[in-house]
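Everything on this sheet refers to the single structure shown next.
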Amino acid sequence: MTISYTLKVANSRFGGFSKLLFRWKGSIYKLLYKEFIVFIVLYALLSLIYRRLLTEEQKRLYTKVAQYCNRSTDLIPMSFVLGFYVTLIVNRWWAQYTSIPLPDQLMCVISSNVHGKDERGRILRRTLIRYANLSSVLILRSVSTRVLKRFPTMDHVVEAGFMTQDERKKFESLHSDFNKYWIPCVWFTNLAAQARRDGRIRDDVALRLLMDELNLYRAKCSMLFHYDWISIPLVYTQVVTIAVYSFFAFCLIGRQFLEPLDPGQEGDLDMYIPLSTLLQFFFYAGWLKVAEQIINPFGEDDDDFETNKLIDRNLQVSLLSVDDMYQNLPPAVKDKYWNESTAQPPYTTATAAETLKPSFLGSTFDMRMCDDMEQSQPAEASPSIPRTQTPLLSRFITAASPAISIKNFGWGSRSHAHLRRNRADGGFPSPYPNRSEDPESVARIEEEETEDDQESRASEPTTPGGRRRGNQLLVASETQRKELPLIQVKASSNDSIGTDRPDAWEP
């Protein structure tokens, strides 16, 4: 039976977990005591042989071997190997539990969508949910030793009421080399389709909902089958087992009490009982035994799943839901708090103190704010208030003029003369009229652009019939000018920037 101690740890108190250490059923002591006794006996036997039977020369040789074995234990990464392995198995163990099929959702859909108070409607509902339970019994028989011992043959399944004799004949007449747990699910779908044709299921939406819930139920049965079929690779389990056993084999030799090799050398303290080594064995070997127990939770260990109890519960609850509870509703009346705006259920004397605790309204609800009323007034953006800017970014942030973007992204890192249009105050038009500009930054940028234009005019040669390179014209050499006709592009005026005009280009 599964050992539950949840109630014992409901409240955190002094010595709460310490009381759990004295429980035997489902404990690590029950799992590990045999291996622990074997380790102690072997350790004591080697200690007696070393102390009583070996000569001085043999002791010296044994000391060297023991020192070598003690150094070798550091080469085995026990924490990494065991930690990753146990984590993988625990995740797999919980995933197997969540894959156990429960008919709760399916029985609610059957009870609400398969109609008819007559005998035919009752038979349909009970048969549908019985097929679902039969499918779970068949899959649990193939993965759980407890269920197989309870239903060793199909005769026991028929005798338990999960299957009729006619259904058994149909089941056995379908030959397949694989597990046939899915056959009752197919019977379910065909019977649901027949109920739809007979009008017991009133619309296709209800039929679709019923099929969706059945598919979820069947998928869980399939997951149990695959978890039982595809296990953790054997090589990984072997690596972990060999690592643990070899580690403590080295400890049996290397953790013994050793006499000093030199007569004047001070030896280690003789403790007779290697307490630290025994604790290490308890932790590491116990870790391995935990993985050994839960690697297959469908066995008969103390903490394995109670699959037989699950079968009993599922059958009883599902039949009660689709049969006795069908259209058997209590009268709908006004509730106790009909005329009350705020419902407040009563408290007992043991829980009356909880009414004194205030409700949680948010972590910032009790935060103290500044008492200055001016700090709580809304602030409006004003163009006269200068913005704080860093010196490195002031060139790119302060001025919102298009000249900056043209200068930084234009051809040859120079602005074009025909793209600059002066304002009345000598600046450039801003695309953001409400944004303030820094006059010093704008003046500095204009001065740098003027210097760049003068340098470019001085450095670039002028070709007859063409413009400077600053306007991005294609200027040919003297030879090419004689052989090819010269094509000139007329630059657009200031008013045509950003617009498409057909007369902007002339041959």
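Residues are referred to by chain and number: the chain letter is A, B, ... according to the order shown in the structure tokens, the number counts from 1 in that chain, and ligands are numbered separately from 1 in the order shown.
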
Q) What lies within 9 Å of Tyr50 of chain A using only C-alpha atoms, ignoring chain neighbours under 5 positions off, as a ChimeraX atom specification? A) /A:45,55,58-59,62,256-258

What's the 12 Å shell around Glu172 of chain A, counting only C-alpha atoms, without same-chain residues fewer than 5 positions away, as an mmCIF file with all heavy atoms, in the first residue's frame?
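That gives us selection-v2.cif:
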data_model
loop_
_atom_site.group_PDB
_atom_site.id
_atom_site.type_symbol
_atom_site.label_atom_id
_atom_site.label_comp_id
_atom_site.auth_asym_id
_atom_site.auth_seq_id
_atom_site.Cartn_x
_atom_site.Cartn_y
_atom_site.Cartn_z
ATOM 1 N N MET A 154 -8.599 -13.882 -19.199
ATOM 2 C CA MET A 154 -9.757 -13.139 -19.657
ATOM 3 C C MET A 154 -11.037 -13.628 -18.991
ATOM 4 O O MET A 154 -12.028 -12.891 -18.912
ATOM 5 C CB MET A 154 -9.890 -13.249 -21.182
ATOM 6 C CG MET A 154 -8.741 -12.599 -21.943
ATOM 7 S SD MET A 154 -8.547 -10.845 -21.567
ATOM 8 C CE MET A 154 -10.088 -10.199 -22.163
ATOM 9 N N ASP A 155 -11.021 -14.864 -18.498
ATOM 10 C CA ASP A 155 -12.185 -15.350 -17.754
ATOM 11 C C ASP A 155 -12.420 -14.509 -16.504
ATOM 12 O O ASP A 155 -13.576 -14.244 -16.137
ATOM 13 C CB ASP A 155 -11.988 -16.822 -17.371
ATOM 14 C CG ASP A 155 -11.999 -17.721 -18.591
ATOM 15 O OD1 ASP A 155 -12.652 -17.348 -19.589
ATOM 16 O OD2 ASP A 155 -11.347 -18.785 -18.551
ATOM 17 N N MET A 163 -16.515 -7.283 -19.143
ATOM 18 C CA MET A 163 -16.709 -7.771 -20.503
ATOM 19 C C MET A 163 -17.759 -8.880 -20.478
ATOM 20 O O MET A 163 -17.806 -9.682 -19.540
ATOM 21 C CB MET A 163 -15.377 -8.292 -21.055
ATOM 22 C CG MET A 163 -15.443 -8.830 -22.472
ATOM 23 S SD MET A 163 -13.855 -9.538 -23.012
ATOM 24 C CE MET A 163 -12.836 -8.084 -23.126
ATOM 25 N N GLN A 165 -19.652 -12.267 -22.476
ATOM 26 C CA GLN A 165 -19.158 -13.416 -23.226
ATOM 27 C C GLN A 165 -19.132 -13.130 -24.724
ATOM 28 O O GLN A 165 -18.182 -13.520 -25.424
ATOM 29 C CB GLN A 165 -20.038 -14.652 -22.942
ATOM 30 C CG GLN A 165 -19.880 -15.241 -21.556
ATOM 31 C CD GLN A 165 -18.518 -15.884 -21.342
ATOM 32 O OE1 GLN A 165 -17.742 -16.121 -22.286
ATOM 33 N NE2 GLN A 165 -18.202 -16.169 -20.087
ATOM 34 N N ASP A 166 -20.133 -12.448 -25.233
ATOM 35 C CA ASP A 166 -20.147 -12.099 -26.650
ATOM 36 C C ASP A 166 -18.991 -11.145 -26.988
ATOM 37 O O ASP A 166 -18.354 -11.273 -28.045
ATOM 38 C CB ASP A 166 -21.481 -11.463 -27.032
ATOM 39 C CG ASP A 166 -22.641 -12.438 -26.914
ATOM 40 O OD1 ASP A 166 -22.393 -13.661 -27.004
ATOM 41 O OD2 ASP A 166 -23.785 -11.972 -26.715
ATOM 42 N N GLU A 167 -18.763 -10.201 -26.117
ATOM 43 C CA GLU A 167 -17.655 -9.270 -26.348
ATOM 44 C C GLU A 167 -16.320 -10.002 -26.292
ATOM 45 O O GLU A 167 -15.388 -9.660 -27.035
ATOM 46 C CB GLU A 167 -17.691 -8.156 -25.308
ATOM 47 C CG GLU A 167 -18.881 -7.226 -25.480
ATOM 48 C CD GLU A 167 -19.069 -6.294 -24.297
ATOM 49 O OE1 GLU A 167 -18.356 -6.475 -23.288
ATOM 50 O OE2 GLU A 167 -19.932 -5.415 -24.365
ATOM 51 N N ASP A 177 -0.854 -9.348 -33.449
ATOM 52 C CA ASP A 177 0.365 -9.660 -32.706
ATOM 53 C C ASP A 177 0.691 -8.623 -31.638
ATOM 54 O O ASP A 177 1.669 -8.802 -30.899
ATOM 55 C CB ASP A 177 1.551 -9.759 -33.678
ATOM 56 C CG ASP A 177 1.378 -10.889 -34.678
ATOM 57 O OD1 ASP A 177 0.689 -11.872 -34.335
ATOM 58 O OD2 ASP A 177 1.916 -10.776 -35.799
ATOM 59 N N ASN A 179 -0.639 -5.597 -28.581
ATOM 60 C CA ASN A 179 -1.573 -5.428 -27.478
ATOM 61 C C ASN A 179 -2.901 -4.882 -28.005
ATOM 62 O O ASN A 179 -2.924 -3.915 -28.759
ATOM 63 C CB ASN A 179 -0.966 -4.464 -26.441
ATOM 64 C CG ASN A 179 -1.681 -4.548 -25.106
ATOM 65 O OD1 ASN A 179 -2.900 -4.650 -25.045
ATOM 66 N ND2 ASN A 179 -0.924 -4.502 -24.026
ATOM 67 N N LYS A 180 -4.004 -5.499 -27.565
ATOM 68 C CA LYS A 180 -5.323 -5.160 -28.097
ATOM 69 C C LYS A 180 -6.157 -4.357 -27.100
ATOM 70 O O LYS A 180 -7.380 -4.491 -27.072
ATOM 71 C CB LYS A 180 -6.064 -6.430 -28.505
ATOM 72 C CG LYS A 180 -5.380 -7.205 -29.617
ATOM 73 C CD LYS A 180 -6.244 -8.337 -30.143
ATOM 74 C CE LYS A 180 -6.425 -9.441 -29.129
ATOM 75 N NZ LYS A 180 -7.186 -10.580 -29.678
ATOM 76 N N TYR A 181 -5.497 -3.519 -26.321
ATOM 77 C CA TYR A 181 -6.234 -2.707 -25.363
ATOM 78 C C TYR A 181 -7.116 -1.664 -26.045
ATOM 79 O O TYR A 181 -8.053 -1.134 -25.440
ATOM 80 C CB TYR A 181 -5.248 -1.998 -24.430
ATOM 81 C CG TYR A 181 -4.424 -0.936 -25.096
ATOM 82 C CD1 TYR A 181 -4.839 0.391 -25.156
ATOM 83 C CD2 TYR A 181 -3.204 -1.244 -25.713
ATOM 84 C CE1 TYR A 181 -4.086 1.363 -25.791
ATOM 85 C CE2 TYR A 181 -2.459 -0.281 -26.348
ATOM 86 C CZ TYR A 181 -2.891 1.014 -26.375
ATOM 87 O OH TYR A 181 -2.152 1.971 -27.016
ATOM 88 N N ILE A 183 -9.164 -2.047 -28.590
ATOM 89 C CA ILE A 183 -10.398 -2.561 -29.200
ATOM 90 C C ILE A 183 -11.648 -2.009 -28.513
ATOM 91 O O ILE A 183 -12.606 -1.597 -29.191
ATOM 92 C CB ILE A 183 -10.382 -4.104 -29.212
ATOM 93 C CG1 ILE A 183 -9.316 -4.602 -30.203
ATOM 94 C CG2 ILE A 183 -11.750 -4.674 -29.552
ATOM 95 C CD1 ILE A 183 -9.214 -6.107 -30.298
#

Q) DSSP on the backbone: what in segment 180-408 of chain A comes out helix (DSSP H, G or I), as a PyMOL selection string? A) chain A and resi 183-197+204-229+234-254+275-294+307-324+349-356+373-376+394-397+402-408

Keeping only C-alpha atoms, write those residues as a short mmCIF file (atom, residue, chain, number, x, y, z; two decimals), in the first residue's frame.
data_model
loop_
_atom_site.label_atom_id
_atom_site.label_comp_id
_atom_site.auth_asym_id
_atom_site.auth_seq_id
_atom_site.Cartn_x
_atom_site.Cartn_y
_atom_site.Cartn_z
CA ILE A 183 -10.40 -2.56 -29.20
CA PRO A 184 -12.93 -1.37 -26.58
CA CYS A 185 -12.19 2.22 -27.66
CA VAL A 186 -13.20 1.32 -31.22
CA TRP A 187 -16.38 -0.29 -29.89
CA PHE A 188 -17.02 2.96 -28.04
CA THR A 189 -16.77 5.07 -31.19
CA ASN A 190 -19.07 2.79 -33.19
CA LEU A 191 -21.66 2.71 -30.43
CA ALA A 192 -21.52 6.51 -30.09
CA ALA A 193 -22.07 6.89 -33.85
CA GLN A 194 -25.07 4.56 -33.61
CA ALA A 195 -26.46 6.63 -30.73
CA ARG A 196 -26.12 9.75 -32.91
CA ARG A 197 -28.08 8.11 -35.72
CA ASP A 204 -22.76 16.68 -34.01
CA VAL A 205 -21.17 19.07 -31.52
CA ALA A 206 -22.04 16.72 -28.66
CA LEU A 207 -20.70 13.76 -30.64
CA ARG A 208 -17.47 15.63 -31.34
CA LEU A 209 -17.05 16.46 -27.64
CA LEU A 210 -17.60 12.83 -26.74
CA MET A 211 -15.00 11.67 -29.26
CA ASP A 212 -12.46 14.23 -28.07
CA GLU A 213 -12.75 13.04 -24.48
CA LEU A 214 -12.42 9.44 -25.58
CA ASN A 215 -9.28 10.25 -27.56
CA LEU A 216 -7.73 11.87 -24.49
CA TYR A 217 -8.60 8.79 -22.46
CA ARG A 218 -7.18 6.45 -25.08
CA ALA A 219 -4.01 8.58 -25.35
CA LYS A 220 -3.31 8.05 -21.65
CA CYS A 221 -3.71 4.30 -22.07
CA SER A 222 -1.27 4.47 -24.96
CA MET A 223 1.24 6.46 -22.89
CA LEU A 224 1.19 3.79 -20.17
CA PHE A 225 1.92 1.18 -22.80
CA HIS A 226 4.84 3.16 -24.21
CA TYR A 227 6.31 3.93 -20.80
CA ASP A 228 6.30 0.20 -20.11
CA TRP A 229 7.75 -0.59 -23.52
CA LEU A 234 19.99 -0.21 -19.96
CA VAL A 235 23.51 1.11 -20.48
CA TYR A 236 22.76 4.15 -18.33
CA THR A 237 21.38 1.98 -15.51
CA GLN A 238 24.44 -0.25 -15.75
CA VAL A 239 26.82 2.70 -15.63
CA VAL A 240 25.21 4.05 -12.48
CA THR A 241 25.12 0.66 -10.78
CA ILE A 242 28.75 -0.12 -11.62
CA ALA A 243 29.82 3.34 -10.46
CA VAL A 244 28.18 2.89 -7.05
CA TYR A 245 29.40 -0.64 -6.49
CA SER A 246 32.96 0.11 -7.61
CA PHE A 247 33.07 3.24 -5.45
CA PHE A 248 32.26 1.31 -2.30
CA ALA A 249 34.51 -1.59 -3.32
CA PHE A 250 37.38 0.91 -3.26
CA CYS A 251 36.06 2.25 0.04
CA LEU A 252 36.19 -1.21 1.62
CA ILE A 253 39.93 -1.29 1.07
CA GLY A 254 40.90 2.35 1.07
CA LEU A 275 31.29 6.61 10.65
CA SER A 276 31.81 8.94 7.67
CA THR A 277 32.16 6.00 5.27
CA LEU A 278 28.99 4.39 6.59
CA LEU A 279 27.09 7.64 6.16
CA GLN A 280 28.43 7.97 2.64
CA PHE A 281 27.26 4.44 1.89
CA PHE A 282 23.86 5.24 3.37
CA PHE A 283 23.43 8.32 1.17
CA TYR A 284 24.77 7.04 -2.15
CA ALA A 285 23.48 3.48 -1.96
CA GLY A 286 20.17 4.78 -0.63
CA TRP A 287 19.96 7.11 -3.62
CA LEU A 288 20.44 4.12 -5.91
CA LYS A 289 17.78 2.11 -4.06
CA VAL A 290 15.29 4.96 -4.45
CA ALA A 291 15.84 4.86 -8.21
CA GLU A 292 15.52 1.09 -8.13
CA GLN A 293 12.15 1.30 -6.40
CA ILE A 294 10.44 3.95 -8.52
CA THR A 307 -3.71 0.20 -9.47
CA ASN A 308 -6.34 -2.22 -8.12
CA LYS A 309 -7.85 0.49 -5.95
CA LEU A 310 -7.90 2.80 -8.97
CA ILE A 311 -9.84 0.21 -10.98
CA ASP A 312 -12.42 -0.18 -8.22
CA ARG A 313 -12.83 3.56 -7.82
CA ASN A 314 -13.10 4.27 -11.55
CA LEU A 315 -15.75 1.64 -12.19
CA GLN A 316 -17.91 2.59 -9.22
CA VAL A 317 -17.77 6.35 -9.78
CA SER A 318 -18.30 6.18 -13.54
CA LEU A 319 -21.33 3.87 -13.38
CA LEU A 320 -22.86 6.03 -10.66
CA SER A 321 -22.37 9.14 -12.79
CA VAL A 322 -23.92 7.85 -16.03
CA ASP A 323 -26.77 5.85 -14.48
CA ASP A 324 -28.12 6.92 -11.09
CA THR A 349 -14.32 28.92 16.92
CA ALA A 350 -11.09 27.26 15.81
CA THR A 351 -10.86 29.49 12.73
CA ALA A 352 -12.38 32.71 14.09
CA ALA A 353 -8.96 34.33 14.39
CA GLU A 354 -8.63 34.33 10.60
CA THR A 355 -11.37 36.95 10.34
CA LEU A 356 -9.09 39.48 12.03
CA MET A 373 1.01 67.79 -3.05
CA GLU A 374 3.12 69.36 -5.78
CA GLN A 375 4.84 66.00 -6.40
CA SER A 376 1.46 64.40 -7.10
CA SER A 394 24.00 65.49 -28.06
CA ARG A 395 25.02 65.72 -31.74
CA PHE A 396 22.61 62.96 -32.70
CA ILE A 397 19.76 63.57 -30.28
CA PRO A 402 16.60 66.60 -41.51
CA ALA A 403 20.08 67.94 -42.23
CA ILE A 404 21.50 65.61 -39.63
CA SER A 405 19.97 62.51 -41.15
CA ILE A 406 20.95 63.66 -44.65
CA LYS A 407 24.48 64.38 -43.57
CA ASN A 408 24.89 61.09 -41.75
#

Q. Interatomic distance between atom CA of Asp303 of chain A and atom CA of Ile3 of chain A?
A. 6.0 Å

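Of note, atom CA of Tyr272 of chain A and atom CA of Ala44 of chain A are spaced 8.8 Å apart.
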
Could you give me, as a PDB file with N, CA, C and O atoms, in the first residue's frame, the residues within 8 Å of Arg200 of chain A, counting only C-alpha atoms and dropping anything in the same chain fewer than 4 positions from it?
ATOM      1  N   ASN A 113     -24.758  14.147 -22.531  1.00  0.00           N
ATOM      2  CA  ASN A 113     -25.001  14.189 -23.978  1.00  0.00           C
ATOM      3  C   ASN A 113     -25.628  12.924 -24.543  1.00  0.00           C
ATOM      4  O   ASN A 113     -26.061  12.935 -25.694  1.00  0.00           O
ATOM      5  N   VAL A 114     -25.661  11.829 -23.814  1.00  0.00           N
ATOM      6  CA  VAL A 114     -26.340  10.617 -24.268  1.00  0.00           C
ATOM      7  C   VAL A 114     -27.671  10.559 -23.525  1.00  0.00           C
ATOM      8  O   VAL A 114     -27.717  10.256 -22.326  1.00  0.00           O
ATOM      9  N   HIS A 115     -28.758  10.852 -24.219  1.00  0.00           N
ATOM     10  CA  HIS A 115     -30.035  11.082 -23.570  1.00  0.00           C
ATOM     11  C   HIS A 115     -30.916   9.832 -23.639  1.00  0.00           C
ATOM     12  O   HIS A 115     -30.722   8.933 -24.444  1.00  0.00           O
ATOM     13  N   GLY A 116     -31.915   9.836 -22.754  1.00  0.00           N
ATOM     14  CA  GLY A 116     -32.902   8.761 -22.712  1.00  0.00           C
ATOM     15  C   GLY A 116     -33.025   8.175 -21.331  1.00  0.00           C
ATOM     16  O   GLY A 116     -32.058   7.601 -20.804  1.00  0.00           O
ATOM     17  N   GLY A 121     -31.597   3.979 -23.365  1.00  0.00           N
ATOM     18  CA  GLY A 121     -30.669   5.037 -23.033  1.00  0.00           C
ATOM     19  C   GLY A 121     -29.754   4.662 -21.882  1.00  0.00           C
ATOM     20  O   GLY A 121     -28.554   4.980 -21.889  1.00  0.00           O
ATOM     21  N   ALA A 195     -25.603   5.800 -31.587  1.00  0.00           N
ATOM     22  CA  ALA A 195     -26.464   6.628 -30.730  1.00  0.00           C
ATOM     23  C   ALA A 195     -26.792   7.964 -31.395  1.00  0.00           C
ATOM     24  O   ALA A 195     -27.887   8.502 -31.221  1.00  0.00           O
ATOM     25  N   ARG A 196     -25.845   8.501 -32.174  1.00  0.00           N
ATOM     26  CA  ARG A 196     -26.123   9.747 -32.906  1.00  0.00           C
ATOM     27  C   ARG A 196     -27.178   9.519 -33.988  1.00  0.00           C
ATOM     28  O   ARG A 196     -28.071  10.360 -34.190  1.00  0.00           O
TER      29      ARG A 196
END

List as a compact mmCIF listing (two decimals) with N, CA and C atoms, in the first residue's frame the protein and nucleic acid residues near Pro152 of chain A, meaning an atom at most 9 Å away when only C-alpha atoms are counted, but skip any in the same chain fewer than 5 places from it.
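Result went into around26.txt, see below:
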# COMPACT_ATOMS: atom_id res chain seq x y z
N ARG A 141 -3.45 -4.55 -17.02
CA ARG A 141 -3.05 -5.97 -16.92
C ARG A 141 -1.69 -6.21 -17.56
N VAL A 147 -2.38 -5.92 -10.96
CA VAL A 147 -3.60 -6.12 -11.74
C VAL A 147 -3.56 -7.48 -12.44
N VAL A 157 -11.65 -11.39 -16.20
CA VAL A 157 -12.16 -10.09 -16.64
C VAL A 157 -13.66 -10.18 -16.92

Q: To one decimal in Å, tell me the separation between atom CA of Ser99 of chain A and atom CA of Thr164 of chain A.
A: 27.1 Å
